[in-house]
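Working notes, beginning with the structure itself.
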2 protein chains.
Amino acid sequence: MSNGKLYAIGTGPGASDLITVRAARLLDTLDVLYAPASRKGGDSLALSIVREYIGKQVLIKERHFPMTNDVEQKQRAWDEVAYEIESDVNLGKQVGFITLGDSMLFSTWVFLLERLNHKVDIDIIPGITSFSCIASRANFPLCMEQQSLAVMSCTAGIEVLRRALEQHEAVVLMKVYGRFDKVRQLLKEQGLLQHAVLMANASMDNEVYYPDLTQVGDGEALPYFSTIIVNRNWTNVIAH
Amino acid sequence: MSNGKLYAIGTGPGASDLITVRAARLLDTLDVLYAPASRKGGDSLALSIVREYIGKQVLIKERHFPMTNDVEQKQRAWDEVAYEIESDVNLGKQVGFITLGDSMLFSTWVFLLERLNHKVDIDIIPGITSFSCIASRANFPLCMEQQSLAVMSCTAGIEVLRRALEQHEAVVLMKVYGRFDKVRQLLKEQGLLQHAVLMANASMDNEVYYPDLTQVGDGEALPYFSTIIVNRNWTNVIAH
């Protein structure tokens, strides 16, 4: 191995000052920083969050990760970026890769880790998860003592979500986008509407907060990053 | 309400530079900072993590939160600290309360929130969870795409843990202390030993890491903050 190193850096949920002190200091000292962009030529949200911390010498490489159901196309993109990062590290560079939230939870970074683990020296800097931020913003706790928390993707299907809601005191429902009406119906059936809040873009300028899910109109378009938190031991504003 | 405000501040998992930039800046500007100590007269771990960021003017109030099964004794302690904090905020002070990890997950802070919500102005600063830090330190991811994560306390009982391990791709097993042998047996029965790692005191000087749970001796004393992460789609070093 060269003296090069790869740092995966969680940017946290969106506000620039919700990254860690370690991440902020590191971004000042890197040689190269890779940033994911969901659209070709599109701005990287992760990059906009951390821009103020990036040292002047840092070469920024925005790379496009296609959001598609074409597995081969996605794998080709990850292969290419992994190869490029590996080359930079082998040249002795200090290389960063930024991801939204935490690097190890629902993050593209893991696809790169699969490809680069044991090949280059890796240091992962954790980030604040979106659901920790939502809980904080909404004064709506997750779980306590012997209770448990499930973190679910709404793409998993209603029956899987139903089971999680039955078995855990607190449930985070991610990727609500396009599935809100069905998920709200499920929460209603389970008597959980007064124990749920919805937030999107937590901590950012365009934050959207519904402390009461019944206020969302039928078929209303919600932001892409909408997440619901349920805690059967806590009540939302409906109950106040 | 006065101009006073209460800030709940997650310190993250242990390393001083794994707190957020927002928390670091805030600690410099407070009037009063409450810190929990688990033993009477004992040092507060949370306080030691953030000490370098605390402004010279900050009045530090270490308060003892008894770890006991005596519910009344615990509630009395929470009532007293909540009352004291409320009084400080009503005097117009900027008051902080620090907790390990994230404030909204398995944290004493929630008992204070129950008592102070809607009484004083509250702002909660999220923190890095211990399990995000462990996943990062061990290069061992949590979950991806349609997968799900359960965060469990091992005090919940073996059958509850068994169900979580059957139903979620990734499971965090907290409070392993005193229950390790039973939990490891469960993981063995489920064929998950090669998909699990154990870490304690992640990111701290006294970090303990077992990338292979079979290396822990029978009946071996593990640190109090030991946590196991299981991911059935990832293999630990046994498999390499």
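Labels for the structure tokens follow display order: chains A, B, ..., residues from 1 in each chain, ligands from 1.
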
How close does each residue of range 66-132 of chain B get to range 160-172 of chain B, giving the shortest atom pair and distance in Å to one decimal for every residue with an atom at most 12 Å away, counting only C-alpha atoms, sorted by chain and residue number, as a tab-separated table?
residue	atom	partner	partner_atom	distance
B:Thr129	CA	B:Val172	CA	11.2
B:Ser130	CA	B:Val172	CA	9.9
B:Phe131	CA	B:Val172	CA	7.0
B:Ser132	CA	B:Val172	CA	9.9

Could you please tell me, as a JSON list (two decimals) with N, CA, C and O atoms, in the first residue's frame, which residues of chain A have an atom within 6 Å of chain B when using only C-alpha atoms?
[["chain", "number", "residue", "atom", "x", "y", "z"],
["A", 17, "ASP", "N", -23.54, 22.71, 9.66],
["A", 17, "ASP", "CA", -22.92, 22.58, 10.98],
["A", 17, "ASP", "C", -23.37, 21.31, 11.72],
["A", 17, "ASP", "O", -23.07, 21.15, 12.90],
["A", 18, "LEU", "N", -24.04, 20.43, 11.01],
["A", 18, "LEU", "CA", -24.35, 19.13, 11.60],
["A", 18, "LEU", "C", -23.41, 18.03, 11.10],
["A", 18, "LEU", "O", -23.71, 16.85, 11.19],
["A", 19, "ILE", "N", -22.27, 18.42, 10.52],
["A", 19, "ILE", "CA", -21.22, 17.43, 10.30],
["A", 19, "ILE", "C", -20.33, 17.42, 11.52],
["A", 19, "ILE", "O", -20.36, 18.33, 12.36],
["A", 20, "THR", "N", -19.52, 16.38, 11.64],
["A", 20, "THR", "CA", -18.66, 16.28, 12.82],
["A", 20, "THR", "C", -17.45, 17.21, 12.69],
["A", 20, "THR", "O", -17.04, 17.58, 11.58],
["A", 21, "VAL", "N", -16.89, 17.55, 13.82],
["A", 21, "VAL", "CA", -15.66, 18.34, 13.86],
["A", 21, "VAL", "C", -14.56, 17.61, 13.09],
["A", 21, "VAL", "O", -13.80, 18.22, 12.33],
["A", 22, "ARG", "N", -14.50, 16.28, 13.24],
["A", 22, "ARG", "CA", -13.47, 15.50, 12.54],
["A", 22, "ARG", "C", -13.62, 15.64, 11.02],
["A", 22, "ARG", "O", -12.64, 15.83, 10.30],
["A", 104, "MET", "N", -22.75, 4.39, 6.53],
["A", 104, "MET", "CA", -22.98, 2.95, 6.62],
["A", 104, "MET", "C", -24.45, 2.57, 6.61],
["A", 104, "MET", "O", -24.79, 1.41, 6.85],
["A", 105, "LEU", "N", -25.33, 3.51, 6.36],
["A", 105, "LEU", "CA", -26.77, 3.24, 6.42],
["A", 105, "LEU", "C", -27.43, 3.81, 5.17],
["A", 105, "LEU", "O", -27.47, 5.02, 4.98],
["A", 106, "PHE", "N", -27.93, 2.92, 4.32],
["A", 106, "PHE", "CA", -28.62, 3.33, 3.08],
["A", 106, "PHE", "C", -27.77, 4.31, 2.26],
["A", 106, "PHE", "O", -28.26, 5.34, 1.80],
["A", 124, "ILE", "N", -13.48, 5.52, 7.93],
["A", 124, "ILE", "CA", -14.86, 5.97, 7.73],
["A", 124, "ILE", "C", -15.26, 6.90, 8.87],
["A", 124, "ILE", "O", -15.10, 6.56, 10.03],
["A", 126, "PRO", "N", -18.26, 8.65, 10.72],
["A", 126, "PRO", "CA", -19.73, 8.54, 10.78],
["A", 126, "PRO", "C", -20.42, 9.90, 10.67],
["A", 126, "PRO", "O", -19.81, 10.94, 10.93],
["A", 128, "ILE", "N", -24.42, 12.11, 11.19],
["A", 128, "ILE", "CA", -25.74, 12.13, 11.82],
["A", 128, "ILE", "C", -26.75, 11.55, 10.83],
["A", 128, "ILE", "O", -26.82, 11.98, 9.68],
["A", 132, "SER", "N", -32.19, 10.64, 13.26],
["A", 132, "SER", "CA", -31.79, 11.31, 14.51],
["A", 132, "SER", "C", -32.13, 12.80, 14.41],
["A", 132, "SER", "O", -32.62, 13.41, 15.37],
["A", 133, "CYS", "N", -31.88, 13.37, 13.24],
["A", 133, "CYS", "CA", -32.14, 14.79, 13.06],
["A", 133, "CYS", "C", -33.63, 15.10, 13.12],
["A", 133, "CYS", "O", -34.06, 16.06, 13.74],
["A", 136, "SER", "N", -34.88, 14.97, 16.65],
["A", 136, "SER", "CA", -34.44, 16.17, 17.37],
["A", 136, "SER", "C", -35.26, 17.40, 16.98],
["A", 136, "SER", "O", -35.71, 18.16, 17.83],
["A", 141, "PRO", "N", -39.00, 11.63, 20.39],
["A", 141, "PRO", "CA", -37.92, 10.68, 20.64],
["A", 141, "PRO", "C", -38.07, 9.35, 19.88],
["A", 141, "PRO", "O", -39.16, 9.03, 19.41],
["A", 142, "LEU", "N", -37.00, 8.60, 19.83],
["A", 142, "LEU", "CA", -37.01, 7.27, 19.23],
["A", 142, "LEU", "C", -37.31, 6.25, 20.33],
["A", 142, "LEU", "O", -38.44, 6.17, 20.76],
["A", 143, "CYS", "N", -36.35, 5.53, 20.83],
["A", 143, "CYS", "CA", -36.74, 4.56, 21.87],
["A", 143, "CYS", "C", -35.83, 4.56, 23.06],
["A", 143, "CYS", "O", -34.76, 5.15, 23.07],
["A", 144, "MET", "N", -36.26, 3.87, 24.10],
["A", 144, "MET", "CA", -35.70, 3.96, 25.45],
["A", 144, "MET", "C", -35.66, 2.58, 26.09],
["A", 144, "MET", "O", -36.49, 1.73, 25.80],
["A", 145, "GLU", "N", -34.69, 2.40, 26.98],
["A", 145, "GLU", "CA", -34.62, 1.25, 27.90],
["A", 145, "GLU", "C", -34.73, -0.08, 27.17],
["A", 145, "GLU", "O", -33.90, -0.41, 26.36],
["A", 146, "GLN", "N", -35.78, -0.88, 27.41],
["A", 146, "GLN", "CA", -35.87, -2.20, 26.74],
["A", 146, "GLN", "C", -36.60, -2.12, 25.41],
["A", 146, "GLN", "O", -36.85, -3.15, 24.77],
["A", 148, "SER", "N", -37.40, -1.13, 21.35],
["A", 148, "SER", "CA", -36.57, -1.32, 20.17],
["A", 148, "SER", "C", -37.02, -0.40, 19.04],
["A", 148, "SER", "O", -38.14, 0.11, 19.03],
["A", 149, "LEU", "N", -36.10, -0.21, 18.12],
["A", 149, "LEU", "CA", -36.30, 0.67, 16.97],
["A", 149, "LEU", "C", -36.09, -0.14, 15.69],
["A", 149, "LEU", "O", -35.12, -0.89, 15.59],
["A", 150, "ALA", "N", -37.00, 0.02, 14.74],
["A", 150, "ALA", "CA", -36.77, -0.55, 13.40],
["A", 150, "ALA", "C", -36.66, 0.59, 12.40],
["A", 150, "ALA", "O", -37.43, 1.54, 12.45],
["A", 151, "VAL", "N", -35.68, 0.48, 11.53],
["A", 151, "VAL", "CA", -35.50, 1.46, 10.46],
["A", 151, "VAL", "C", -35.83, 0.75, 9.16],
["A", 151, "VAL", "O", -35.15, -0.20, 8.76],
["A", 152, "MET", "N", -36.92, 1.19, 8.52],
["A", 152, "MET", "CA", -37.49, 0.48, 7.38],
["A", 152, "MET", "C", -37.49, 1.37, 6.14],
["A", 152, "MET", "O", -37.64, 2.58, 6.23],
["A", 153, "SER", "N", -37.39, 0.72, 4.98],
["A", 153, "SER", "CA", -37.64, 1.42, 3.72],
["A", 153, "SER", "C", -39.06, 1.09, 3.28],
["A", 153, "SER", "O", -39.43, -0.09, 3.23],
["A", 155, "THR", "N", -40.18, 0.96, 0.50],
["A", 155, "THR", "CA", -40.15, 0.13, -0.70],
["A", 155, "THR", "C", -40.27, -1.36, -0.35],
["A", 155, "THR", "O", -40.46, -2.19, -1.24],
["A", 156, "ALA", "N", -40.15, -1.70, 0.93],
["A", 156, "ALA", "CA", -40.16, -3.10, 1.34],
["A", 156, "ALA", "C", -41.55, -3.73, 1.25],
["A", 156, "ALA", "O", -41.69, -4.95, 1.28]]

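With only C-alpha atoms taken into account, the protein and nucleic acid residues at most 7 Å from range 221-226 of chain A (excluding it and anything under 6 positions from it in its own chain) are A:Met174, A:Lys175, A:Val176, A:Tyr177, A:Leu198, A:Met199, A:Ala200, A:Asn201.
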
Next item on the list: Name the residues in contact with range 91-100 of chain B at a cut-off of 9 Å, using only C-alpha atoms, excluding same-chain residues fewer than 2 positions from it; report them as a PyMOL selection string.
Entry: chain B and resi 1-14+26-27+29-36+45-47+49-50+85-89+102-103+107-109+127-130

Next item on the list: Give me, please, the distance in Å between CA of Gln185 in chain A and CA of Tyr210 in chain A, quoted to one decimal.
Entry: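 Separation of CA of Gln185 in chain A and CA of Tyr210 in chain A: 16.0 Å.
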
Notebook entry, point to check: Skipping near chain neighbours, those fewer than 6 positions away, what residues fall within 7 Å of Val197 in chain B using only C-alpha atoms, listed as a list in words?
Noted result: Tyr210, Pro211, Asp212, Leu213, Ile228, Ile229, Val230 and Asn236 of chain B

Check: Just how far from CA of Glu62 in chain B is CA of Leu116 in chain B, in Å to one decimal?
Finding: 18.7 Å

Item checked: Residues near Arg63 in chain B, cut-off 9 Å, only C-alpha atoms, skip fewer than 4 positions along chain, as a list of chain:residue names ->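 After dropping sequence-adjacent residues, the list is B:Tyr34, B:Ala35, B:Pro36, B:Ala37, B:Ser38, B:Lys40, B:Gly41, B:Ser44, B:Ala77, B:Val81.
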